[in-house]
>>> print(open('model-v5.cif').read())   # mmCIF, C-alpha atoms and all ligand atoms
data_my_file
loop_
_atom_site.label_atom_id
_atom_site.label_comp_id
_atom_site.auth_asym_id
_atom_site.auth_seq_id
_atom_site.Cartn_x
_atom_site.Cartn_y
_atom_site.Cartn_z
CA MET I 22 -123.20 56.56 56.30
CA ARG I 23 -125.94 54.01 55.73
CA GLN I 24 -129.46 55.39 55.65
CA PRO I 25 -131.48 54.48 58.75
CA PHE I 26 -134.36 52.99 56.76
CA GLU I 27 -132.35 51.22 54.08
CA LYS I 28 -133.58 47.66 53.56
CA GLY I 29 -131.22 45.02 54.92
CA ARG I 30 -129.55 47.53 57.20
CA VAL I 31 -128.32 46.16 60.52
CA LEU I 32 -130.32 47.80 63.29
CA VAL I 33 -128.47 46.27 66.21
CA ARG I 34 -126.09 43.40 66.78
CA ILE I 35 -126.93 41.11 69.68
CA GLU I 36 -124.25 39.12 71.47
CA ILE I 37 -125.17 36.78 74.30
CA ALA I 38 -122.76 35.77 77.03
CA ARG I 39 -123.43 32.95 79.47
CA ASP I 40 -123.66 35.05 82.60
CA TYR I 41 -122.70 38.38 84.13
CA GLU I 42 -119.03 37.46 84.52
CA ALA I 43 -118.70 36.33 80.90
CA LEU I 44 -120.49 39.47 79.73
CA SER I 45 -118.16 41.69 81.75
CA GLU I 46 -115.07 39.85 80.50
CA ARG I 47 -116.17 40.23 76.88
CA ALA I 48 -116.98 43.95 77.19
CA ALA I 49 -113.82 44.74 79.16
CA ARG I 50 -111.65 42.89 76.60
CA LEU I 51 -113.35 44.47 73.60
CA ILE I 52 -112.72 47.99 74.85
CA ALA I 53 -109.24 47.20 76.24
CA ASP I 54 -108.27 46.01 72.73
CA GLU I 55 -109.35 49.37 71.31
CA ILE I 56 -107.46 51.25 74.06
CA GLU I 57 -104.34 49.28 73.22
CA ALA I 58 -104.73 49.78 69.48
CA ARG I 59 -104.99 53.58 69.61
CA GLU I 60 -102.77 56.26 71.01
CA ARG I 61 -105.77 58.28 72.19
CA ILE I 62 -109.35 57.23 72.74
CA VAL I 63 -112.45 58.85 74.21
CA LEU I 64 -114.76 56.60 76.21
CA GLY I 65 -118.30 57.35 77.33
CA LEU I 66 -118.88 55.70 80.71
CA ALA I 67 -121.94 54.72 82.70
CA THR I 68 -122.73 54.21 86.34
CA GLY I 69 -125.19 51.69 87.81
CA SER I 70 -124.27 48.17 88.83
CA THR I 71 -124.02 46.69 85.32
CA PRO I 72 -120.62 48.11 84.23
CA LEU I 73 -118.93 47.26 87.55
CA GLY I 74 -117.63 43.90 86.29
CA VAL I 75 -115.96 45.72 83.38
CA TYR I 76 -114.39 48.29 85.69
CA ARG I 77 -113.10 45.56 88.03
CA ARG I 78 -111.34 43.86 85.15
CA TRP I 79 -109.76 47.08 83.88
CA ILE I 80 -108.43 47.74 87.40
CA GLU I 81 -106.93 44.23 87.54
CA TRP I 82 -105.29 44.61 84.12
CA VAL I 83 -103.87 48.04 84.99
CA ARG I 84 -102.42 46.60 88.22
CA ALA I 85 -100.89 43.76 86.24
CA GLU I 86 -99.48 46.38 83.83
CA GLN I 87 -101.34 44.81 80.92
CA LEU I 88 -103.39 47.94 80.24
CA SER I 89 -102.86 51.68 80.56
CA PHE I 90 -105.36 54.52 80.59
CA ALA I 91 -102.64 57.13 79.90
CA GLY I 92 -104.16 57.90 76.48
CA VAL I 93 -107.80 57.65 77.56
CA SER I 94 -110.28 60.47 78.13
CA THR I 95 -113.70 59.77 79.60
CA PHE I 96 -117.12 61.41 79.69
CA ASN I 97 -119.74 60.09 82.07
CA LEU I 98 -123.37 60.02 81.07
CA ASP I 99 -125.02 61.64 84.03
CA GLU I 100 -125.03 63.00 87.57
CA TYR I 101 -127.65 63.69 90.23
CA VAL I 102 -128.62 67.30 90.73
CA GLY I 103 -128.16 68.73 94.20
CA LEU I 104 -125.27 66.49 95.21
CA ALA I 105 -121.80 68.00 95.44
CA PRO I 106 -119.16 65.88 93.68
CA ASP I 107 -117.77 64.62 96.99
CA HIS I 108 -121.21 63.52 98.27
CA PRO I 109 -120.95 59.75 98.90
CA GLN I 110 -123.90 58.97 96.59
CA SER I 111 -122.84 61.23 93.73
CA TYR I 112 -121.86 59.56 90.49
CA TRP I 113 -118.57 61.44 90.79
CA SER I 114 -117.80 59.58 94.06
CA PHE I 115 -119.03 56.32 92.53
CA MET I 116 -116.69 56.62 89.55
CA GLN I 117 -113.72 57.68 91.69
CA GLU I 118 -114.19 54.72 93.99
CA LYS I 119 -115.09 52.07 91.44
CA LEU I 120 -112.61 53.02 88.75
CA PHE I 121 -110.67 56.26 88.46
CA ARG I 122 -108.78 56.17 91.75
CA GLN I 123 -107.52 52.70 90.88
CA ILE I 124 -106.27 53.22 87.34
CA ASP I 125 -103.61 55.39 85.72
CA ILE I 126 -105.98 57.87 84.07
CA ARG I 127 -105.05 61.56 84.20
CA PRO I 128 -107.58 63.36 86.42
CA SER I 129 -107.81 66.16 83.84
CA ASN I 130 -109.00 63.61 81.25
CA VAL I 131 -112.00 62.61 83.40
CA HIS I 132 -115.29 64.42 82.78
CA ILE I 133 -118.49 63.98 84.76
CA PRO I 134 -121.44 66.38 84.64
CA GLN I 135 -121.57 68.51 87.75
CA GLY I 136 -124.66 68.14 89.92
CA ASN I 137 -124.24 71.38 91.78
CA ALA I 138 -123.38 73.82 89.01
CA GLU I 139 -124.67 77.33 89.71
CA ASP I 140 -125.85 77.76 86.14
CA VAL I 141 -127.00 74.31 85.03
CA GLN I 142 -127.78 75.36 81.43
CA ALA I 143 -124.35 76.89 80.96
CA HIS I 144 -122.74 73.82 82.48
CA CYS I 145 -124.62 71.51 80.09
CA ALA I 146 -123.52 73.58 77.09
CA GLU I 147 -119.94 73.52 78.37
CA TYR I 148 -120.08 69.72 78.78
CA GLU I 149 -121.14 69.34 75.14
CA ARG I 150 -118.35 71.70 74.11
CA GLN I 151 -115.82 69.57 76.00
CA ILE I 152 -117.03 66.40 74.26
CA ARG I 153 -116.61 68.10 70.88
CA ALA I 154 -113.20 69.50 71.83
CA ALA I 155 -112.05 65.98 72.75
CA GLY I 156 -113.00 64.86 69.24
CA GLY I 157 -116.28 63.13 70.17
CA ILE I 158 -116.86 59.83 71.92
CA ASP I 159 -115.31 56.77 70.29
CA ILE I 160 -117.04 54.08 72.37
CA GLN I 161 -120.03 54.67 74.61
CA ILE I 162 -120.94 52.13 77.29
CA LEU I 163 -124.61 52.10 78.25
CA GLY I 164 -126.75 50.31 80.78
CA ILE I 165 -130.53 50.26 80.45
CA GLY I 166 -133.25 51.10 82.94
CA GLY I 167 -136.27 48.83 83.40
CA ASN I 168 -138.35 51.51 81.65
CA GLY I 169 -135.93 51.73 78.72
CA HIS I 170 -134.03 54.77 79.95
CA ILE I 171 -130.44 55.29 78.85
CA GLY I 172 -128.29 57.66 80.85
CA PHE I 173 -131.13 59.46 82.57
CA ASN I 174 -133.15 59.92 79.39
CA GLU I 175 -136.53 58.83 80.69
CA PRO I 176 -139.56 57.85 78.57
CA GLY I 177 -140.67 60.91 76.61
CA ALA I 178 -137.10 62.22 76.19
CA GLU I 179 -136.48 64.19 73.04
CA PHE I 180 -134.51 62.29 70.40
CA GLY I 181 -132.68 65.51 69.53
CA GLY I 182 -131.60 66.30 73.10
CA SER I 183 -128.09 67.24 74.14
CA THR I 184 -126.83 67.38 77.74
CA HIS I 185 -129.70 68.74 79.84
CA LEU I 186 -131.53 68.82 83.15
CA VAL I 187 -134.17 66.10 83.70
CA ALA I 188 -136.74 65.11 86.30
CA LEU I 189 -136.31 61.45 87.27
CA ALA I 190 -139.17 58.99 86.81
CA GLU I 191 -140.56 57.60 90.06
CA SER I 192 -139.65 54.07 88.91
CA THR I 193 -136.04 55.20 88.41
CA ARG I 194 -135.91 56.82 91.84
CA ARG I 195 -137.27 53.61 93.37
CA ALA I 196 -134.79 51.45 91.45
CA ASN I 197 -131.89 53.65 92.55
CA ALA I 198 -133.04 53.92 96.18
CA ARG I 199 -130.87 50.89 96.97
CA PHE I 200 -127.83 53.15 96.85
CA PHE I 201 -129.31 55.62 99.39
CA LYS I 202 -130.40 55.30 103.03
CA LYS I 203 -134.03 55.94 102.15
CA GLU I 204 -136.06 56.59 99.01
CA GLU I 205 -136.70 60.25 99.94
CA ASP I 206 -132.94 60.81 99.76
CA VAL I 207 -132.82 59.98 96.03
CA PRO I 208 -132.55 63.28 94.14
CA THR I 209 -135.54 64.25 92.01
CA HIS I 210 -133.44 65.64 89.14
CA ALA I 211 -130.30 64.86 87.21
CA VAL I 212 -128.09 66.21 84.46
CA THR I 213 -127.73 63.73 81.62
CA MET I 214 -126.17 63.54 78.21
CA GLY I 215 -129.08 63.64 75.80
CA LEU I 216 -130.09 61.04 73.24
CA LYS I 217 -128.41 63.05 70.51
CA SER I 218 -125.16 63.23 72.50
CA ILE I 219 -125.30 59.45 72.96
CA MET I 220 -126.13 58.79 69.30
CA ASN I 221 -123.13 60.89 68.25
CA ALA I 222 -120.77 58.28 69.71
CA ARG I 223 -119.01 56.33 66.96
CA GLN I 224 -119.76 53.00 68.60
CA ILE I 225 -122.23 52.02 71.32
CA LEU I 226 -122.04 49.02 73.60
CA LEU I 227 -125.18 48.45 75.66
CA LEU I 228 -124.75 46.03 78.55
CA ALA I 229 -127.65 44.33 80.28
CA SER I 230 -127.75 41.53 82.82
CA GLY I 231 -130.57 39.68 84.52
CA ARG I 232 -134.18 38.78 83.87
CA GLY I 233 -135.35 42.19 85.12
CA LYS I 234 -133.89 43.79 81.98
CA SER I 235 -135.20 41.30 79.41
CA GLU I 236 -138.41 43.14 78.53
CA ALA I 237 -136.74 46.52 78.25
CA VAL I 238 -134.09 44.94 76.01
CA ALA I 239 -136.60 43.15 73.75
CA ARG I 240 -138.62 46.33 73.33
CA ALA I 241 -135.47 48.32 72.52
CA VAL I 242 -134.47 45.79 69.84
CA TYR I 243 -137.79 44.80 68.28
CA GLY I 244 -140.21 47.53 69.33
CA ASP I 245 -141.10 50.76 67.58
CA VAL I 246 -138.49 53.47 67.63
CA THR I 247 -140.22 55.84 70.00
CA PRO I 248 -139.40 58.32 72.78
CA ASP I 249 -141.71 56.19 74.97
CA HIS I 250 -138.86 53.70 75.10
CA PRO I 251 -135.67 55.78 74.80
CA ALA I 252 -133.31 52.83 74.16
CA SER I 253 -135.24 52.04 70.95
CA ILE I 254 -133.42 54.99 69.33
CA LEU I 255 -130.34 52.74 69.22
CA GLN I 256 -131.91 50.94 66.23
CA LEU I 257 -130.99 54.08 64.27
CA HIS I 258 -127.32 53.94 65.28
CA PRO I 259 -124.92 52.63 62.60
CA ASN I 260 -122.71 50.71 65.05
CA CYS I 261 -124.50 49.47 68.13
CA VAL I 262 -123.99 46.17 69.95
CA PHE I 263 -126.24 44.82 72.69
CA LEU I 264 -124.08 42.61 74.91
CA LEU I 265 -126.39 40.57 77.12
CA ASP I 266 -126.28 37.70 79.53
CA GLU I 267 -128.67 34.80 78.97
CA GLU I 268 -131.31 36.15 81.33
CA ALA I 269 -131.36 39.64 79.86
CA ALA I 270 -131.53 38.00 76.43
CA LEU I 271 -134.68 35.98 77.15
CA GLY I 272 -136.71 38.01 74.65
CA VAL I 273 -134.16 38.29 71.82
CA THR I 274 -132.10 36.10 69.48
CA GLU I 275 -128.35 36.33 69.00
CA GLY I 276 -127.05 37.84 65.76
CA GLU I 277 -127.95 40.84 63.70
CA ARG I 278 -131.36 42.34 63.64
CA THR I 279 -131.83 43.79 60.17
CA ARG I 280 -134.62 45.77 58.64
C1 LIG O 301 -129.19 54.49 86.38
C2 LIG O 301 -128.18 55.19 85.45
C3 LIG O 301 -128.13 54.54 84.09
C4 LIG O 301 -128.04 53.03 84.25
C5 LIG O 301 -129.29 52.51 84.91
C6 LIG O 301 -129.28 50.99 85.11
O1 LIG O 301 -130.43 55.10 86.41
N1 LIG O 301 -128.42 56.58 85.30
O2 LIG O 301 -127.04 55.06 83.37
O3 LIG O 301 -127.87 52.44 83.01
O4 LIG O 301 -129.41 53.12 86.16
O5 LIG O 301 -128.62 50.66 86.31
P1 LIG O 301 -128.13 49.22 86.70
O6 LIG O 301 -126.98 48.94 85.82
O7 LIG O 301 -127.74 49.33 88.13
O8 LIG O 301 -129.26 48.30 86.47
#
>>> encode(input="model-v5.cif", output="structure tokens", more="lines below")
Ligand code: GLP
Amino acid sequence: MRQPFEKGRVLVRIEIARDYEALSERAARLIADEIEARERIVLGLATGSTPLGVYRRWIEWVRAEQLSFAGVSTFNLDEYVGLAPDHPQSYWSFMQEKLFRQIDIRPSNVHIPQGNAEDVQAHCAEYERQIRAAGGIDIQILGIGGNGHIGFNEPGAEFGGSTHLVALAESTRRANARFFKKEEDVPTHAVTMGLKSIMNARQILLLASGRGKSEAVARAVYGDVTPDHPASILQLHPNCVFLLDEEAALGVTEGERTR
């Protein structure tokens, strides 16, 4: 593996698509090609609104019998604590509705952290064990929070963290309140894959759309690598692509950012 501080090393690759639809098409195609090329593949999936365009395309292609998830296993990044899986706002429900129920994936190949585990610590350790047992994550999809969070790794998150319990930043709770009836309903805690779990993926595809993400993206690409901006850790990953639409890319230039 290349050394993180080697001169000339590619820190991240930046691809810019015209708009959200073009970005979704590109990401969906890229991963579908990998699914088709391999007998088995492990995907790391994200919630939030950004990956929805990708999921919609996969559903269409499965319906048209152009794509099959029969050989795919998935691990989701995170889940709210205190919500049972069948709670309408849980990430479990979100993923069932937006993707899993509409594709031919085997339910036993779907993994999502549980928000109501009796022993959260034990559950987190078990989740990590399941990722390892599946052979690790081949391609991890990420969104990015306005404060640079990935998964639910908020500013200050440990770079060495595995799946763990976190308190959500107020800004994150506010941003996610749109999915709940009122802000007080947004859970205060979550279980998330840690930055180390994310960095262990063989390939990372970070998707960002809209002007609201442009600063967080620019800081992740050009800023210091610091826990204050968790997405900046991606500069240390050997195979990470930022796939952006023009608005999210306002602060960056297309191509490779090298050291
Ligand atoms: C949530 C999720 C993240 C996601 C982020 C951005 O907090 N836990 O995984 O990347 O929001 O969401 P959106 O794509 O809706 O902007």
>>> closest_residue(input="model-v5.cif", among="I:Glu149, I:Glu205, I:Glu267, I:Asp99", to="ligand LIG 301 (chain O)", atoms="all atoms listed in the file")
I:Asp99
>>> closest_residue(input="model-v5.cif", among="I:Glu175, I:Asp159, I:Glu60, I:Glu46", to="ligand LIG 301 (chain O)", atoms="all atoms listed in the file")
I:Glu175
>>> residues_near_ligand(input="model-v5.cif", ligand="ligand LIG 301 (chain O)", cutoff="10 Å", atoms="all atoms listed in the file", output="compact mmCIF listing (two decimals) with C-alpha atoms, in the coordinates of the input")
# COMPACT_ATOMS: atom_id res chain seq x y z
CA LEU I 66 -118.88 55.70 80.71
CA ALA I 67 -121.94 54.72 82.70
CA THR I 68 -122.73 54.21 86.34
CA GLY I 69 -125.19 51.69 87.81
CA SER I 70 -124.27 48.17 88.83
CA THR I 71 -124.02 46.69 85.32
CA PRO I 72 -120.62 48.11 84.23
CA LEU I 73 -118.93 47.26 87.55
CA ASN I 97 -119.74 60.09 82.07
CA LEU I 98 -123.37 60.02 81.07
CA ASP I 99 -125.02 61.64 84.03
CA GLU I 100 -125.03 63.00 87.57
CA TYR I 101 -127.65 63.69 90.23
CA TYR I 112 -121.86 59.56 90.49
CA ILE I 162 -120.94 52.13 77.29
CA LEU I 163 -124.61 52.10 78.25
CA GLY I 164 -126.75 50.31 80.78
CA ILE I 165 -130.53 50.26 80.45
CA GLY I 166 -133.25 51.10 82.94
CA GLY I 167 -136.27 48.83 83.40
CA ASN I 168 -138.35 51.51 81.65
CA GLY I 169 -135.93 51.73 78.72
CA HIS I 170 -134.03 54.77 79.95
CA ILE I 171 -130.44 55.29 78.85
CA GLY I 172 -128.29 57.66 80.85
CA PHE I 173 -131.13 59.46 82.57
CA ASN I 174 -133.15 59.92 79.39
CA GLU I 175 -136.53 58.83 80.69
CA LEU I 189 -136.31 61.45 87.27
CA ALA I 190 -139.17 58.99 86.81
CA SER I 192 -139.65 54.07 88.91
CA THR I 193 -136.04 55.20 88.41
CA ARG I 194 -135.91 56.82 91.84
CA ARG I 195 -137.27 53.61 93.37
CA ALA I 196 -134.79 51.45 91.45
CA ASN I 197 -131.89 53.65 92.55
CA ARG I 199 -130.87 50.89 96.97
CA PHE I 200 -127.83 53.15 96.85
CA ALA I 211 -130.30 64.86 87.21
CA VAL I 212 -128.09 66.21 84.46
CA THR I 213 -127.73 63.73 81.62
CA MET I 214 -126.17 63.54 78.21
CA LEU I 227 -125.18 48.45 75.66
CA LEU I 228 -124.75 46.03 78.55
CA ALA I 229 -127.65 44.33 80.28
CA SER I 230 -127.75 41.53 82.82
CA GLY I 231 -130.57 39.68 84.52
CA GLY I 233 -135.35 42.19 85.12
CA LYS I 234 -133.89 43.79 81.98
>>> closest_atom_pairs(input="model-v5.cif", of="range 138-230 of chain I", to="range 104-110 of chain I", cutoff="10 Å", atoms="all atoms listed in the file", output="JSON lines")
{"residue": "I:Ala138", "atom": "CA", "partner": "I:Ala105", "partner_atom": "CA", "distance": 8.8}
{"residue": "I:Phe200", "atom": "CA", "partner": "I:Gln110", "partner_atom": "CA", "distance": 7.0}
{"residue": "I:Phe201", "atom": "CA", "partner": "I:Gln110", "partner_atom": "CA", "distance": 7.0}
{"residue": "I:Lys202", "atom": "CA", "partner": "I:Gln110", "partner_atom": "CA", "distance": 9.9}
{"residue": "I:Asp206", "atom": "CA", "partner": "I:Gln110", "partner_atom": "CA", "distance": 9.8}
{"residue": "I:Val207", "atom": "CA", "partner": "I:Gln110", "partner_atom": "CA", "distance": 9.0}
{"residue": "I:Pro208", "atom": "CA", "partner": "I:Leu104", "partner_atom": "CA", "distance": 8.0}
{"residue": "I:Ala211", "atom": "CA", "partner": "I:Leu104", "partner_atom": "CA", "distance": 9.6}
>>> closest_residue(input="model-v5.cif", among="I:Thr95, I:Val33, I:His185, I:Leu88", to="Gly276 in chain I", atoms="only C-alpha atoms")
I:Val33
>>> atom_distance(input="model-v5.cif", atom1="CA of Leu257 in chain I", atom2="CA of Leu32 in chain I")
6.4 Å
>>> atom_distance(input="model-v5.cif", atom1="CA of Leu264 in chain I", atom2="CA of Glu191 in chain I")
26.9 Å
>>> closest_residue(input="model-v5.cif", among="I:Lys119, I:His250, I:Arg278, I:Arg232", to="Asp40 in chain I", atoms="all atoms listed in the file")
I:Arg232
>>> closest_residue(input="model-v5.cif", among="I:Arg39, I:Arg50, I:Arg153, I:Arg240", to="Asp266 in chain I", atoms="all atoms listed in the file")
I:Arg39
>>> closest_residue(input="model-v5.cif", among="I:Asn137, I:Gln224, I:Asn260, I:Thr279", to="Gly29 in chain I", atoms="only C-alpha atoms")
I:Thr279
>>> decode(input="model-v5.cif", residues="range 161-172 of chain I", atoms="all heavy atoms", output="PDB file, in the first residue's frame")
ATOM      1  N   GLN I 161     -17.746   1.492  -0.280  1.00  0.00           N
ATOM      2  CA  GLN I 161     -18.536   2.209   0.722  1.00  0.00           C
ATOM      3  C   GLN I 161     -19.075   3.506   0.113  1.00  0.00           C
ATOM      4  O   GLN I 161     -18.313   4.333  -0.367  1.00  0.00           O
ATOM      5  CB  GLN I 161     -17.639   2.554   1.921  1.00  0.00           C
ATOM      6  CG  GLN I 161     -18.298   3.408   2.990  1.00  0.00           C
ATOM      7  CD  GLN I 161     -19.382   2.662   3.753  1.00  0.00           C
ATOM      8  OE1 GLN I 161     -19.122   1.612   4.325  1.00  0.00           O
ATOM      9  NE2 GLN I 161     -20.608   3.189   3.744  1.00  0.00           N
ATOM     10  N   ILE I 162     -20.398   3.659   0.150  1.00  0.00           N
ATOM     11  CA  ILE I 162     -21.003   4.933  -0.267  1.00  0.00           C
ATOM     12  C   ILE I 162     -21.098   5.816   0.963  1.00  0.00           C
ATOM     13  O   ILE I 162     -21.534   5.374   2.026  1.00  0.00           O
ATOM     14  CB  ILE I 162     -22.437   4.718  -0.793  1.00  0.00           C
ATOM     15  CG1 ILE I 162     -22.437   3.898  -2.068  1.00  0.00           C
ATOM     16  CG2 ILE I 162     -23.134   6.057  -1.033  1.00  0.00           C
ATOM     17  CD1 ILE I 162     -23.829   3.745  -2.668  1.00  0.00           C
ATOM     18  N   LEU I 163     -20.729   7.084   0.801  1.00  0.00           N
ATOM     19  CA  LEU I 163     -20.871   8.039   1.906  1.00  0.00           C
ATOM     20  C   LEU I 163     -21.590   9.290   1.438  1.00  0.00           C
ATOM     21  O   LEU I 163     -21.420   9.717   0.291  1.00  0.00           O
ATOM     22  CB  LEU I 163     -19.491   8.505   2.401  1.00  0.00           C
ATOM     23  CG  LEU I 163     -18.562   7.519   3.082  1.00  0.00           C
ATOM     24  CD1 LEU I 163     -17.253   8.246   3.426  1.00  0.00           C
ATOM     25  CD2 LEU I 163     -19.201   6.965   4.352  1.00  0.00           C
ATOM     26  N   GLY I 164     -22.360   9.888   2.340  1.00  0.00           N
ATOM     27  CA  GLY I 164     -22.790  11.265   2.160  1.00  0.00           C
ATOM     28  C   GLY I 164     -21.895  12.098   3.063  1.00  0.00           C
ATOM     29  O   GLY I 164     -20.946  11.580   3.651  1.00  0.00           O
ATOM     30  N   ILE I 165     -22.183  13.376   3.189  1.00  0.00           N
ATOM     31  CA  ILE I 165     -21.398  14.212   4.103  1.00  0.00           C
ATOM     32  C   ILE I 165     -22.341  15.195   4.786  1.00  0.00           C
ATOM     33  O   ILE I 165     -23.243  15.747   4.146  1.00  0.00           O
ATOM     34  CB  ILE I 165     -20.239  14.927   3.352  1.00  0.00           C
ATOM     35  CG1 ILE I 165     -19.378  15.753   4.317  1.00  0.00           C
ATOM     36  CG2 ILE I 165     -20.760  15.799   2.216  1.00  0.00           C
ATOM     37  CD1 ILE I 165     -18.069  16.281   3.695  1.00  0.00           C
ATOM     38  N   GLY I 166     -22.151  15.385   6.078  1.00  0.00           N
ATOM     39  CA  GLY I 166     -22.952  16.364   6.799  1.00  0.00           C
ATOM     40  C   GLY I 166     -22.357  17.754   6.606  1.00  0.00           C
ATOM     41  O   GLY I 166     -21.178  17.889   6.262  1.00  0.00           O
ATOM     42  N   GLY I 167     -23.142  18.777   6.826  1.00  0.00           N
ATOM     43  CA  GLY I 167     -22.671  20.158   6.692  1.00  0.00           C
ATOM     44  C   GLY I 167     -21.489  20.440   7.605  1.00  0.00           C
ATOM     45  O   GLY I 167     -20.660  21.316   7.310  1.00  0.00           O
ATOM     46  N   ASN I 168     -21.366  19.705   8.695  1.00  0.00           N
ATOM     47  CA  ASN I 168     -20.238  19.898   9.620  1.00  0.00           C
ATOM     48  C   ASN I 168     -19.111  18.897   9.362  1.00  0.00           C
ATOM     49  O   ASN I 168     -18.218  18.729  10.176  1.00  0.00           O
ATOM     50  CB  ASN I 168     -20.718  19.783  11.079  1.00  0.00           C
ATOM     51  CG  ASN I 168     -21.270  18.392  11.400  1.00  0.00           C
ATOM     52  OD1 ASN I 168     -21.308  17.515  10.541  1.00  0.00           O
ATOM     53  ND2 ASN I 168     -21.692  18.194  12.638  1.00  0.00           N
ATOM     54  N   GLY I 169     -19.180  18.219   8.218  1.00  0.00           N
ATOM     55  CA  GLY I 169     -18.112  17.284   7.849  1.00  0.00           C
ATOM     56  C   GLY I 169     -18.302  15.889   8.410  1.00  0.00           C
ATOM     57  O   GLY I 169     -17.416  15.047   8.290  1.00  0.00           O
ATOM     58  N   HIS I 170     -19.484  15.619   9.012  1.00  0.00           N
ATOM     59  CA  HIS I 170     -19.634  14.261   9.552  1.00  0.00           C
ATOM     60  C   HIS I 170     -19.816  13.240   8.432  1.00  0.00           C
ATOM     61  O   HIS I 170     -20.353  13.545   7.377  1.00  0.00           O
ATOM     62  CB  HIS I 170     -20.738  14.173  10.617  1.00  0.00           C
ATOM     63  CG  HIS I 170     -22.152  14.176  10.143  1.00  0.00           C
ATOM     64  ND1 HIS I 170     -23.092  15.065  10.603  1.00  0.00           N
ATOM     65  CD2 HIS I 170     -22.806  13.374   9.275  1.00  0.00           C
ATOM     66  CE1 HIS I 170     -24.248  14.804  10.034  1.00  0.00           C
ATOM     67  NE2 HIS I 170     -24.107  13.790   9.224  1.00  0.00           N
ATOM     68  N   ILE I 171     -19.313  12.029   8.683  1.00  0.00           N
ATOM     69  CA  ILE I 171     -19.572  10.905   7.784  1.00  0.00           C
ATOM     70  C   ILE I 171     -20.123   9.771   8.636  1.00  0.00           C
ATOM     71  O   ILE I 171     -19.633   9.518   9.721  1.00  0.00           O
ATOM     72  CB  ILE I 171     -18.336  10.477   6.953  1.00  0.00           C
ATOM     73  CG1 ILE I 171     -17.068  10.344   7.794  1.00  0.00           C
ATOM     74  CG2 ILE I 171     -18.089  11.456   5.821  1.00  0.00           C
ATOM     75  CD1 ILE I 171     -15.827   9.892   6.996  1.00  0.00           C
ATOM     76  N   GLY I 172     -21.152   9.095   8.105  1.00  0.00           N
ATOM     77  CA  GLY I 172     -21.947   8.222   8.973  1.00  0.00           C
ATOM     78  C   GLY I 172     -22.504   9.162  10.029  1.00  0.00           C
ATOM     79  O   GLY I 172     -23.015  10.240   9.713  1.00  0.00           O
TER      80      GLY I 172
END
